[in-house]
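I have placed the structure first, in the form of structure tokens, so that the comments after it can refer back to it.
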Amino acid sequence: MPTQFFPEVTASWKLAADKIVDNKVPAVEFLKAAEEFVPIFDRLGTIFTPVKADVGGNVKKLKDAHAANPVATIHELVIAEKAEGKHKLKTSASVALLWFKRAMQFIFTLLQKVSTGLDANKAAKEAYAETLAHYHGFMVKKTFEVGLMAAPSSDTMLGCLGNDKDQTMGELREWVAVATQFLENFHAFLLKEGLDDSSKV
């Protein structure tokens, strides 16, 4: 039987949330929380492999950028890059944060919809259409859409995330409640700094 996925992960996200000061997200705590979230994609199955690569790859880029410039917050890291004119580099924390935020908006929206009772198969398709699809070109979009046809049902998904459906649903809702502030924070920050590039891939 699978262990409960969310309790330790949500605890890390709450720790990072508790250390937000003046709307600036603490780098060390947040990167730890983000890294601990990535294994969810292994539990959810191979159709989520591209999203795992996106989220995990961008967490690594953020960690590498932070190692090179160990400032206190994610916001300071991005602002420092912008001041140096490095924010458009593919390896930059700025680009990594943008694509991390977008991929996380997809999985967040999916889980949020499941938490309100929508079946996960339909939730995955709706979540993609509302989030990542806006930034994907024709070929990437078709690849995602075909893959999501095999998205699991809610019962299957919840079964992958814990051994008690009702308990897992409650834990999922708790993570959604905590994660909301991070995605809203990063979205507003990237818009304010003019870094929400709408180019498609």
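Scheme for the structure tokens: letters A, B, ... for chains in order shown; per-chain residue numbers from 1; ligand numbers from 1 in order shown.
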Could I get the residues of segment 70-158 of chain A with an atom no further than 10 Å from an atom of segment 183-194 of chain A, each paired with its nearest atom pair and that distance in Å to one decimal, using only C-alpha atoms, sorted by chain and residue number, as JSON lines?
{"residue": "A:Ile74", "atom": "CA", "partner": "A:Phe186", "partner_atom": "CA", "distance": 9.2}
{"residue": "A:His75", "atom": "CA", "partner": "A:Phe189", "partner_atom": "CA", "distance": 7.8}
{"residue": "A:Val78", "atom": "CA", "partner": "A:Leu190", "partner_atom": "CA", "distance": 9.2}
{"residue": "A:Ile79", "atom": "CA", "partner": "A:Glu193", "partner_atom": "CA", "distance": 8.1}
{"residue": "A:Lys82", "atom": "CA", "partner": "A:Glu193", "partner_atom": "CA", "distance": 8.8}
{"residue": "A:Ser94", "atom": "CA", "partner": "A:Leu190", "partner_atom": "CA", "distance": 8.4}
{"residue": "A:Val95", "atom": "CA", "partner": "A:Leu190", "partner_atom": "CA", "distance": 9.9}
{"residue": "A:Leu97", "atom": "CA", "partner": "A:Phe186", "partner_atom": "CA", "distance": 7.9}
{"residue": "A:Leu98", "atom": "CA", "partner": "A:Leu190", "partner_atom": "CA", "distance": 7.3}
{"residue": "A:Phe100", "atom": "CA", "partner": "A:Leu183", "partner_atom": "CA", "distance": 9.7}
{"residue": "A:Lys101", "atom": "CA", "partner": "A:Leu183", "partner_atom": "CA", "distance": 6.4}
{"residue": "A:Arg102", "atom": "CA", "partner": "A:Leu183", "partner_atom": "CA", "distance": 8.8}
{"residue": "A:Met104", "atom": "CA", "partner": "A:Leu183", "partner_atom": "CA", "distance": 7.8}
{"residue": "A:Gln105", "atom": "CA", "partner": "A:Leu183", "partner_atom": "CA", "distance": 7.0}
{"residue": "A:Phe108", "atom": "CA", "partner": "A:Leu183", "partner_atom": "CA", "distance": 8.9}
Export of the given selection (C-alpha atoms) as a compact mmCIF listing (two decimals), in the first residue's frame:
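Result saved to out.txt:
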# COMPACT_ATOMS: atom_id res chain seq x y z
CA ILE A 74 13.70 33.90 -4.57
CA HIS A 75 12.70 37.47 -5.40
CA VAL A 78 15.60 37.10 -9.84
CA ILE A 79 16.01 40.85 -9.32
CA LYS A 82 17.66 41.27 -14.03
CA SER A 94 14.11 34.07 -13.90
CA VAL A 95 13.25 31.71 -16.75
CA LEU A 97 10.84 30.41 -12.01
CA LEU A 98 8.52 31.32 -14.88
CA PHE A 100 8.22 26.24 -12.74
CA LYS A 101 5.25 28.48 -11.98
CA ARG A 102 3.48 27.50 -15.19
CA MET A 104 2.94 24.01 -11.10
CA GLN A 105 -0.18 25.96 -12.10
CA PHE A 108 -2.17 22.75 -8.85
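Restricting the calculation to only C-alpha atoms, the smallest distance between Ala80 of chain A and any of A:Leu132, A:Ala93, A:Met149, A:Met1 is found for A:Ala93.
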Which of A:Ala120, A:Ala33, A:Val51, A:Val25 sits closest to Ala11 of chain A [using only C-alpha atoms]
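Once distances to Ala11 of chain A are computed over only C-alpha atoms, the minimum belongs to A:Ala33.
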Report as a ChimeraX atom specification all protein, DNA and RNA residues lying within 12 Å of Ala65 of chain A, evaluated on only C-alpha atoms, omitting residues in the same chain fewer than 6 positions from it.
/A:27-28,31,58-59,71,73-74,76-78,80-81,86-87,89-97
Hey, can you spit out that residue selection with C-alpha atoms as a PDB file, in the first residue's frame?
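File produced: out.pdb:
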ATOM      1  CA  ALA A  27      14.900  30.653  -1.062  1.00  0.00           C
ATOM      2  CA  VAL A  28      16.274  27.751   0.994  1.00  0.00           C
ATOM      3  CA  LEU A  31      13.498  25.144  -2.845  1.00  0.00           C
ATOM      4  CA  ASN A  58      13.444  24.131 -13.191  1.00  0.00           C
ATOM      5  CA  VAL A  59      13.850  23.416  -9.479  1.00  0.00           C
ATOM      6  CA  VAL A  71      20.614  35.491  -1.371  1.00  0.00           C
ATOM      7  CA  THR A  73      14.804  35.109  -1.150  1.00  0.00           C
ATOM      8  CA  ILE A  74      13.700  33.902  -4.574  1.00  0.00           C
ATOM      9  CA  GLU A  76      16.181  38.844  -4.670  1.00  0.00           C
ATOM     10  CA  LEU A  77      17.699  36.114  -6.843  1.00  0.00           C
ATOM     11  CA  VAL A  78      15.596  37.099  -9.838  1.00  0.00           C
ATOM     12  CA  ALA A  80      19.794  40.444  -9.127  1.00  0.00           C
ATOM     13  CA  GLU A  81      19.792  38.583 -12.447  1.00  0.00           C
ATOM     14  CA  LYS A  86      21.077  37.727 -17.233  1.00  0.00           C
ATOM     15  CA  HIS A  87      17.352  37.186 -16.759  1.00  0.00           C
ATOM     16  CA  LEU A  89      19.314  33.248 -20.320  1.00  0.00           C
ATOM     17  CA  LYS A  90      17.833  29.741 -20.513  1.00  0.00           C
ATOM     18  CA  THR A  91      19.775  28.770 -17.389  1.00  0.00           C
ATOM     19  CA  SER A  92      18.600  31.792 -15.401  1.00  0.00           C
ATOM     20  CA  ALA A  93      16.537  31.649 -12.238  1.00  0.00           C
ATOM     21  CA  SER A  94      14.114  34.073 -13.899  1.00  0.00           C
ATOM     22  CA  VAL A  95      13.254  31.710 -16.754  1.00  0.00           C
ATOM     23  CA  ALA A  96      13.283  28.723 -14.393  1.00  0.00           C
ATOM     24  CA  LEU A  97      10.841  30.414 -12.008  1.00  0.00           C
TER      25      LEU A  97
END
